[in-house]
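**Student:** Got a structure for you, written out below as structure tokens; questions coming shortly.
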Amino acid sequence: MLEIKGLVKQYGKFTAVDHLDLSVEEGNIFGFVGPNGAGKTTTMRIMAGLLTATSGSVLIDGVDATKNPLLLREKIGYMPDFFGVYDNLKVSEYMDFYAGAYEIPYGQRDGIINPLLDLVNLSDKKDVYVDTLSRGMKQRLCLARSLVHDPKLLILDEPASGLDPRARIEMKDALKQLQTLNKTILISSHILPELAEMCTQVGIMEKGKLLIQGSVGDIMQRLTQKRVVSVRTTGDVAKITYVLKENPLVRSIVQHQSDLEFDFDGTDADLADILKSLVMKGIPVTQFKEKEGNLEEIFMQVTGGAAL
Amino acid sequence: MMNPVLRREAITSLRGWKNFAVVMFYIGIILFGAGLFFFSTVYNSYDYSFDPQAMTFLYVFLASIQMALVVISVPAFAAGSISGEREKQTLDLLLVTKLSPLSIVVGKMLASMAFVLLLVVSTLPVFALVFYFGSIHIGSLLLMMAFAVTTAFMLAGISVFFSCVYKRTVISIMLVYIITGILCIGTLIWAYMPYIVMGYGYSGSSMELELLKIIPNPGMGFASLMGGQLGVDVVGGMFSDIMRWQEYDEVNTMTQWVIDHLWLVHMTFQVVVGGVFVLLAASKINPIGKKSNRRK
């Protein structure tokens with residue numbers, strides 16, 4: 001769906017994006033992570049056709065973003081990090097305006113706008129003026145606006161920035177709905193745990209370079225070369241420690257009250273054997289799961305502790 | 001399908017009572033002015049006489065007010081059109097739609113002209129006062145309206161261009177008024193400077209050169225139009241010294257045609273200049289094709 005090769009963007013002597021290569025398959029949610037000034041927004045603006053690249057190519061569903069901007073606009077929906085709304089315009093009129101801007105015939109607009117407002121939970125605000133909406137509602141309205149022409153790729157630049165926790169959850173819910181519609185989504189965010197939960201892939205960017213890309217699990221494994229497993233019991237934690245210590249694939253066991261975590265070098269079958277042996281020893285195991293990678297830890301490790 | 005930008009601007013600007021109140025207020029002022037003119041000039045209470053010929057002055061008076069409105073108001077509306085979108089952070093959202101930069105610029109320009117032209121059109125019933133006495137032909141009125149439209153087009157085109165170049169609306173408005181001042185007053189001073197410096201009777205210029213200096217002047221174009229409609233040779237009269245010095249047989253047919261139709265030449269100039277600035281404005285906001293973009 002998205003293929004970026006050797007993308008470079010320079011402003012005079014400053015290089016904002018430095019030979020970026022990126023590939024995102026259809027239906028994936030790709031999370032862009034990086035500190036301020038890493039080049040995320042610049043990359044997204046080039047993809048959206050709002051900036052020209054110094055060199056390199058951006059192919060979106062086979063369309064070269066730099067050579068065919070009109071065709072590109074049919075393929076992408078773009079939500080910038082900062083945007084404004086028009087005064088004196090109602091929510092339904094706002095959506096109708098953008099539907100018109102995407103050349104959607106009048107007769108088809110209601111059939112498109114109403115489901116989109118449902119999707120972002122703004123159906124009851126149809127006749128409300130957009131400038132009176134809360135920031136969270138405006139963000140969701142902008143998301144609905146970016147979907148009005150049914151794009152294949154959504155480029156969302158910090159869609160949850162500046163939102164309170166409730167508004168973030170509502171935005172996240174809307175994005176989860178989009179996942180079910182099989183949209184390819186490129187999303188940048190500072191809220192790392194949320195990205196980790198939603199994204200099928202992440203890319204960590206710093207100083208214009210994409211340092212690492214892949215699924216959170218893959219990256220975690222590549223960086224740490226280990227799996228972290230968590231076990232919870234209602235019984236004696238010491239018994240679990242005893243069983244685990246007998247297994248040569250288990251390393252560094254750390255106890256947290258009734259839970260413990262251990263590093264593990266084996267396969268899924270080896271892990272199943274450990275669970276089996278715990279149960280066979282009569283230990284009441286209430287939870288046994290592999291911990292998902294912590295994006296914050298990965299980020300700090302990859303960028304050497306650069307602040308987000 | 002109507003230009004979506006123009007449609008949205010129409011919805012937002014005509015909603016509510018404020019603009020309606022402005023239109024009513026403007027019609028009221030024009031009506032009051034026309035009434036005052038009518039009773040002070042046309043109708044002579046001293047000897048209870050009535051001079052229908054003076055209705056032509058009422059027509060010129062009303063037309064002049066319309067032109068002044070266009071020249072003053074259009075830059076004020078248009079100079080903030082694109083920079084306003086940028087200030088509101090809505091320009092990027094427009095640029096990623098299927099609207100071309102040209103249709104965005106045209107939509108914004110037409111929207112900024114529309115309200116002023118609405119004011120102009122809304123006062124047409126006041127012009128009926130003139131027609132009642134039959135002094136002016138309806139074709140003349142339509143020509144005057146067309147002149148107002150082309151003037152608005154040129155000024156809106158220049159304004160929208162500056163609005164694309166400068167991020168701040170205030171700078172755009174200032175520059176457009178400076179250019180309007182140069183066109184309306186600067187060109188006149190330029191054309192008259194030799195007379196001011198050398199005194200009347202100066203004959204070191206040619207009619208062709210003087211015409212080139214005043215063709216961009218909306219005031220001269222308008223004066224030429226009014227003169228033509230009332231049978232007064234405004235342009236020839238202005239440069240009578242040169243006309244005398246430059247023997248009539250030296251003033252070729254083409255020059256004479258321009259002297260007689262300066263308003264038409266000026267209208268063509270307005271359309272061309274307005275069009276060029278609109279195209280420049282569109283290329284200015286087109287994100288693709290620029291050699292370099294400023295860092296956000």
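Ordering of the structure tokens sets the chain letters (A, B, ...), residue numbers begin anew at 1 in every chain, and ligands are numbered from 1 in the order given.
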If we count only C-alpha atoms and set the cut-off at 7 Å, which residues sit around stretch 153-170 of chain A, ignoring sequence neighbours fewer than 3 positions away in its own chain? Please answer as a compact mmCIF listing (two decimals) with C-alpha atoms, in the first residue's frame.
**Tutor:**
```
# COMPACT_ATOMS: atom_id res chain seq x y z
CA THR A 41 5.30 15.45 10.35
CA MET A 44 3.54 12.70 6.56
CA LYS A 75 -6.18 7.54 -2.19
CA ILE A 76 -5.35 9.33 1.04
CA GLY A 77 -7.17 10.88 3.95
CA TYR A 78 -5.05 13.32 5.92
CA MET A 79 -5.50 14.66 9.41
CA PRO A 80 -2.88 17.24 10.40
CA ASP A 81 -1.52 17.73 13.91
CA ARG A 135 -11.40 19.72 21.06
CA GLY A 136 -12.00 15.98 21.22
CA GLN A 139 -10.57 15.84 16.33
CA ASP A 173 -12.46 3.70 19.75
CA ALA A 174 -13.02 5.47 16.44
CA LYS A 183 -8.10 0.77 6.23
CA THR A 184 -4.35 1.17 6.10
CA ILE A 185 -3.45 3.72 8.74
CA LEU A 186 -0.28 5.64 9.37
CA ILE A 187 -0.42 7.29 12.74
CA SER A 188 2.03 9.34 14.73
CA SER A 189 1.61 9.79 18.42
```
**Student:** Hey, which bits of chain B sit within 10 Å of chain A, and for each residue what's the closest pair of atoms and how far apart in Å (one decimal), counting only C-alpha atoms, rows by chain and increasing number, as a tab-separated table?
**Tutor:**
```
residue	atom	partner	partner_atom	distance
B:Met1	CA	A:Pro105	CA	8.3
B:Met2	CA	A:Gly100	CA	8.9
B:Asn3	CA	A:Gly100	CA	8.3
B:Pro4	CA	A:Gly100	CA	5.7
B:Val5	CA	A:Phe97	CA	7.7
B:Arg7	CA	A:Phe97	CA	8.1
B:Arg8	CA	A:Phe97	CA	6.5
B:Glu9	CA	A:Leu89	CA	9.5
B:Ile11	CA	A:Leu89	CA	7.7
B:Thr12	CA	A:Asn88	CA	5.2
B:Ser13	CA	A:Asn88	CA	8.0
B:Leu14	CA	A:Asn88	CA	9.7
B:Arg15	CA	A:Asn88	CA	7.5
B:Gly16	CA	A:Asn88	CA	9.1
B:Glu85	CA	A:Gly84	CA	8.7
B:Arg86	CA	A:Gly84	CA	9.2
B:Glu87	CA	A:Gly84	CA	8.6
B:Lys88	CA	A:Gly84	CA	5.2
B:Gln89	CA	A:Phe83	CA	4.8
B:Thr90	CA	A:Gly84	CA	5.3
B:Leu91	CA	A:Phe83	CA	8.8
B:Asp92	CA	A:Leu50	CA	7.3
B:Leu93	CA	A:Tyr78	CA	7.7
B:Leu94	CA	A:Ala101	CA	7.7
B:Leu95	CA	A:Leu50	CA	7.3
B:Val96	CA	A:Arg73	CA	6.0
B:Thr97	CA	A:Tyr102	CA	5.7
B:Lys98	CA	A:Tyr102	CA	5.0
B:Leu99	CA	A:Ala101	CA	5.6
B:Ser100	CA	A:Leu70	CA	8.0
B:Ser103	CA	A:Ala101	CA	9.9
B:Ile104	CA	A:Ala101	CA	9.5
B:Ile285	CA	A:Leu50	CA	9.8
B:Asn286	CA	A:Leu50	CA	8.3
B:Pro287	CA	A:Leu50	CA	5.1
B:Ile288	CA	A:Thr52	CA	5.9
B:Gly289	CA	A:Thr52	CA	7.2
B:Lys290	CA	A:Thr52	CA	7.1
B:Lys291	CA	A:Thr52	CA	7.7
B:Ser292	CA	A:Thr52	CA	7.3
B:Asn293	CA	A:Leu51	CA	6.6
B:Arg294	CA	A:Tyr11	CA	7.2
B:Arg295	CA	A:Tyr11	CA	6.5
B:Lys296	CA	A:Thr42	CA	8.1
```
**Student:** Next, write the just-selected residues to a file, as a CSV table (one decimal), in the first residue's frame, keeping C-alpha atoms as the atom set.
**Tutor:**
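Here's the written file out15.csv:
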```csv
chain,number,residue,atom,x,y,z
B,1,MET,CA,-21.4,21.7,-9.4
B,2,MET,CA,-20.9,25.1,-7.7
B,3,ASN,CA,-17.4,25.8,-6.5
B,4,PRO,CA,-17.5,24.3,-2.9
B,5,VAL,CA,-15.4,27.1,-1.5
B,7,ARG,CA,-20.8,27.8,-1.6
B,8,ARG,CA,-19.4,27.5,1.9
B,9,GLU,CA,-18.4,31.2,2.0
B,11,ILE,CA,-23.5,29.9,3.6
B,12,THR,CA,-21.3,31.3,6.4
B,13,SER,CA,-21.3,34.9,5.3
B,14,LEU,CA,-25.0,35.3,4.5
B,15,ARG,CA,-26.1,33.5,7.7
B,16,GLY,CA,-27.5,35.8,10.4
B,85,GLU,CA,-7.4,30.2,5.8
B,86,ARG,CA,-3.7,29.9,6.7
B,87,GLU,CA,-4.2,31.7,10.0
B,88,LYS,CA,-7.2,29.5,10.8
B,89,GLN,CA,-5.1,26.4,9.8
B,90,THR,CA,-7.7,25.3,7.3
B,91,LEU,CA,-5.6,25.7,4.1
B,92,ASP,CA,-3.9,22.3,4.3
B,93,LEU,CA,-7.3,20.6,4.7
B,94,LEU,CA,-8.4,22.3,1.5
B,95,LEU,CA,-5.2,21.5,-0.4
B,96,VAL,CA,-5.4,17.7,0.3
B,97,THR,CA,-8.9,17.6,-1.3
B,98,LYS,CA,-9.5,17.2,-5.0
B,99,LEU,CA,-10.0,20.9,-5.3
B,100,SER,CA,-7.2,22.3,-7.5
B,103,SER,CA,-10.4,26.5,-7.9
B,104,ILE,CA,-9.5,27.3,-4.3
B,285,ILE,CA,-0.4,27.9,-3.0
B,286,ASN,CA,0.2,24.8,-5.0
B,287,PRO,CA,2.4,22.6,-2.8
B,288,ILE,CA,3.5,20.3,-5.6
B,289,GLY,CA,5.9,21.8,-8.1
B,290,LYS,CA,7.5,24.3,-5.8
B,291,LYS,CA,11.3,24.0,-5.8
B,292,SER,CA,11.5,24.4,-2.1
B,293,ASN,CA,9.1,24.6,0.7
B,294,ARG,CA,9.6,26.7,3.8
B,295,ARG,CA,10.0,24.6,6.9
B,296,LYS,CA,6.8,24.3,8.9
```
**Student:** Using only C-alpha atoms, which residues sit within 7 Å of stretch 114-130 of chain B once same-chain residues fewer than 3 positions away are excluded, as a list in words?
**Tutor:**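 My list of contacting residues is Val23, Ile27, Leu31, Met55, Tyr59, Gln66, Val70, Ser73, Val74, Leu110, Ala111, Phe133, Gly134, Ser135 and Ile136 of chain B.
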**Student:** Using the selection just defined, write its residues with N, CA and C atoms as a PDB file, in the first residue's frame.
**Tutor:**
```
ATOM      1  N   VAL B  23     -26.350  45.540   4.125  1.00  0.00           N
ATOM      2  CA  VAL B  23     -26.968  45.834   2.822  1.00  0.00           C
ATOM      3  C   VAL B  23     -28.035  46.915   2.987  1.00  0.00           C
ATOM      4  N   ILE B  27     -27.991  50.626   1.288  1.00  0.00           N
ATOM      5  CA  ILE B  27     -29.080  51.112   0.417  1.00  0.00           C
ATOM      6  C   ILE B  27     -29.654  52.413   0.998  1.00  0.00           C
ATOM      7  N   LEU B  31     -29.720  55.877  -0.933  1.00  0.00           N
ATOM      8  CA  LEU B  31     -31.034  56.482  -1.154  1.00  0.00           C
ATOM      9  C   LEU B  31     -31.077  57.905  -0.603  1.00  0.00           C
ATOM     10  N   MET B  55     -30.492  64.857 -14.217  1.00  0.00           N
ATOM     11  CA  MET B  55     -30.557  63.463 -13.762  1.00  0.00           C
ATOM     12  C   MET B  55     -29.296  62.694 -14.151  1.00  0.00           C
ATOM     13  N   TYR B  59     -26.882  60.150 -11.985  1.00  0.00           N
ATOM     14  CA  TYR B  59     -26.360  58.853 -12.440  1.00  0.00           C
ATOM     15  C   TYR B  59     -24.856  58.780 -12.193  1.00  0.00           C
ATOM     16  N   GLN B  66     -20.599  53.825  -6.228  1.00  0.00           N
ATOM     17  CA  GLN B  66     -20.441  52.365  -6.422  1.00  0.00           C
ATOM     18  C   GLN B  66     -18.981  52.009  -6.682  1.00  0.00           C
ATOM     19  N   VAL B  70     -16.366  49.702  -4.513  1.00  0.00           N
ATOM     20  CA  VAL B  70     -15.629  48.552  -5.051  1.00  0.00           C
ATOM     21  C   VAL B  70     -14.137  48.703  -4.770  1.00  0.00           C
ATOM     22  N   SER B  73     -13.581  48.489  -0.840  1.00  0.00           N
ATOM     23  CA  SER B  73     -14.002  47.281  -0.109  1.00  0.00           C
ATOM     24  C   SER B  73     -13.389  45.980  -0.619  1.00  0.00           C
ATOM     25  N   VAL B  74     -13.268  45.824  -1.928  1.00  0.00           N
ATOM     26  CA  VAL B  74     -12.799  44.527  -2.459  1.00  0.00           C
ATOM     27  C   VAL B  74     -11.431  44.132  -1.889  1.00  0.00           C
ATOM     28  N   LEU B 110     -13.980  34.896  -5.744  1.00  0.00           N
ATOM     29  CA  LEU B 110     -15.382  35.192  -6.061  1.00  0.00           C
ATOM     30  C   LEU B 110     -16.174  35.497  -4.790  1.00  0.00           C
ATOM     31  N   ALA B 111     -15.832  34.765  -3.722  1.00  0.00           N
ATOM     32  CA  ALA B 111     -16.538  34.989  -2.457  1.00  0.00           C
ATOM     33  C   ALA B 111     -16.258  36.391  -1.932  1.00  0.00           C
ATOM     34  N   PHE B 133     -36.826  59.354 -15.576  1.00  0.00           N
ATOM     35  CA  PHE B 133     -36.845  60.556 -16.420  1.00  0.00           C
ATOM     36  C   PHE B 133     -36.153  60.328 -17.759  1.00  0.00           C
ATOM     37  N   GLY B 134     -35.695  59.122 -17.989  1.00  0.00           N
ATOM     38  CA  GLY B 134     -35.199  58.746 -19.314  1.00  0.00           C
ATOM     39  C   GLY B 134     -33.904  59.375 -19.756  1.00  0.00           C
ATOM     40  N   SER B 135     -33.028  59.732 -18.821  1.00  0.00           N
ATOM     41  CA  SER B 135     -31.792  60.399 -19.228  1.00  0.00           C
ATOM     42  C   SER B 135     -30.707  59.423 -19.672  1.00  0.00           C
ATOM     43  N   ILE B 136     -30.753  58.228 -19.136  1.00  0.00           N
ATOM     44  CA  ILE B 136     -29.679  57.253 -19.400  1.00  0.00           C
ATOM     45  C   ILE B 136     -30.292  55.974 -19.955  1.00  0.00           C
TER      46      ILE B 136
END
```
**Student:** Let's see if you can do this: from backbone DSSP, list all strand (DSSP E) residues in stretch 135-224 of chain A, as a compact mmCIF listing (two decimals) with N, CA and C atoms, in the first residue's frame.
**Tutor:**
```
# COMPACT_ATOMS: atom_id res chain seq x y z
N LEU A 153 -5.70 4.90 2.31
CA LEU A 153 -4.67 5.14 3.32
C LEU A 153 -5.02 6.37 4.15
N LEU A 154 -4.98 6.20 5.46
CA LEU A 154 -5.24 7.34 6.35
C LEU A 154 -3.92 7.78 6.97
N ILE A 155 -3.65 9.08 6.87
CA ILE A 155 -2.42 9.61 7.46
C ILE A 155 -2.85 10.51 8.62
N LEU A 156 -2.61 10.06 9.83
CA LEU A 156 -3.09 10.77 11.01
C LEU A 156 -1.89 11.27 11.82
N ASP A 157 -1.73 12.58 11.82
CA ASP A 157 -0.59 13.18 12.53
C ASP A 157 -1.03 13.61 13.93
N THR A 184 -5.76 1.09 5.74
CA THR A 184 -4.35 1.17 6.10
C THR A 184 -4.16 2.51 6.79
N ILE A 185 -3.57 2.48 7.97
CA ILE A 185 -3.45 3.72 8.74
C ILE A 185 -2.01 3.98 9.13
N LEU A 186 -1.60 5.20 8.92
CA LEU A 186 -0.28 5.64 9.37
C LEU A 186 -0.53 6.69 10.44
N ILE A 187 -0.05 6.42 11.63
CA ILE A 187 -0.42 7.29 12.74
C ILE A 187 0.83 7.67 13.54
N SER A 188 0.93 8.94 13.85
CA SER A 188 2.03 9.34 14.73
C SER A 188 1.43 9.75 16.06
N GLN A 201 2.38 -2.44 13.29
CA GLN A 201 3.80 -2.18 13.09
C GLN A 201 4.14 -0.81 13.67
N VAL A 202 5.37 -0.64 14.08
CA VAL A 202 5.81 0.70 14.49
C VAL A 202 7.16 1.00 13.85
N GLY A 203 7.43 2.29 13.73
CA GLY A 203 8.72 2.74 13.23
C GLY A 203 9.21 3.83 14.16
N ILE A 204 10.46 3.72 14.56
CA ILE A 204 11.00 4.74 15.46
C ILE A 204 11.92 5.65 14.65
N MET A 205 11.63 6.93 14.73
CA MET A 205 12.33 7.90 13.90
C MET A 205 13.07 8.89 14.78
N GLU A 206 14.26 9.22 14.37
CA GLU A 206 15.00 10.26 15.08
C GLU A 206 15.95 10.94 14.12
N LYS A 209 15.85 10.02 10.49
CA LYS A 209 16.13 8.64 10.07
C LYS A 209 15.19 7.67 10.76
N LEU A 210 14.80 6.65 10.02
CA LEU A 210 13.98 5.60 10.61
C LEU A 210 14.95 4.58 11.22
N LEU A 211 15.00 4.56 12.55
CA LEU A 211 16.01 3.74 13.21
C LEU A 211 15.66 2.26 13.18
N ILE A 212 14.36 1.98 13.34
CA ILE A 212 13.94 0.58 13.38
C ILE A 212 12.47 0.49 13.00
N GLN A 213 12.06 -0.59 12.38
CA GLN A 213 10.64 -0.77 12.07
C GLN A 213 10.25 -2.23 12.13
N GLY A 214 9.01 -2.50 12.50
CA GLY A 214 8.51 -3.86 12.62
C GLY A 214 7.40 -3.89 13.64
```
**Student:** Mind checking which residues fall within 12 Å of A:Arg251, counting only C-alpha atoms, ignoring those fewer than 3 positions away in the same chain, and posting them as a list in words?
**Tutor:**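 My reading of the contact set: Lys226, Arg227, Val228, Val229, Thr241, Leu244, Lys245, Glu246, Asn247, Pro248, Val254, Glu261, Phe262, Asp263, Phe264, Asp265 and Gly266 of chain A.
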**Student:** Since we have the selection now, will you write its residues out, keeping N, CA and C atoms, as a short mmCIF file (atom, residue, chain, number, x, y, z; two decimals), in the first residue's frame?
**Tutor:**
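again.cif, written as the output of this step:
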```cif
data_model
loop_
_atom_site.label_atom_id
_atom_site.label_comp_id
_atom_site.auth_asym_id
_atom_site.auth_seq_id
_atom_site.Cartn_x
_atom_site.Cartn_y
_atom_site.Cartn_z
N LYS A 226 15.10 -11.68 24.04
CA LYS A 226 14.51 -12.50 25.10
C LYS A 226 13.01 -12.30 25.12
N ARG A 227 12.31 -13.26 25.76
CA ARG A 227 10.87 -13.14 25.96
C ARG A 227 10.64 -12.99 27.46
N VAL A 228 9.73 -12.13 27.81
CA VAL A 228 9.43 -11.94 29.24
C VAL A 228 8.07 -12.55 29.52
N VAL A 229 8.03 -13.47 30.51
CA VAL A 229 6.77 -14.16 30.82
C VAL A 229 6.37 -13.81 32.25
N THR A 241 9.11 -20.48 41.72
CA THR A 241 10.53 -20.15 41.53
C THR A 241 11.36 -21.43 41.48
N LEU A 244 10.80 -23.17 38.12
CA LEU A 244 11.40 -22.42 37.01
C LEU A 244 12.93 -22.56 37.00
N LYS A 245 13.51 -22.55 38.19
CA LYS A 245 14.98 -22.63 38.28
C LYS A 245 15.52 -23.94 37.72
N GLU A 246 14.65 -24.97 37.69
CA GLU A 246 15.07 -26.27 37.16
C GLU A 246 15.16 -26.26 35.63
N ASN A 247 14.51 -25.26 35.02
CA ASN A 247 14.47 -25.20 33.55
C ASN A 247 15.64 -24.36 33.02
N PRO A 248 16.51 -24.96 32.15
CA PRO A 248 17.70 -24.22 31.67
C PRO A 248 17.37 -23.04 30.75
N VAL A 254 12.16 -12.49 38.55
CA VAL A 254 11.92 -11.34 39.43
C VAL A 254 10.54 -11.49 40.05
N GLU A 261 8.05 -12.57 37.23
CA GLU A 261 8.39 -12.46 35.81
C GLU A 261 9.70 -13.17 35.58
N PHE A 262 9.79 -13.82 34.42
CA PHE A 262 11.08 -14.44 34.11
C PHE A 262 11.40 -14.26 32.63
N ASP A 263 12.69 -14.18 32.34
CA ASP A 263 13.14 -14.09 30.95
C ASP A 263 13.26 -15.51 30.41
N PHE A 264 12.91 -15.66 29.13
CA PHE A 264 12.82 -17.00 28.57
C PHE A 264 13.41 -17.03 27.17
N ASP A 265 14.23 -18.03 26.88
CA ASP A 265 14.92 -18.11 25.59
C ASP A 265 14.34 -19.15 24.64
N GLY A 266 13.33 -19.91 25.09
CA GLY A 266 12.85 -21.04 24.30
C GLY A 266 11.73 -20.72 23.33
#
```
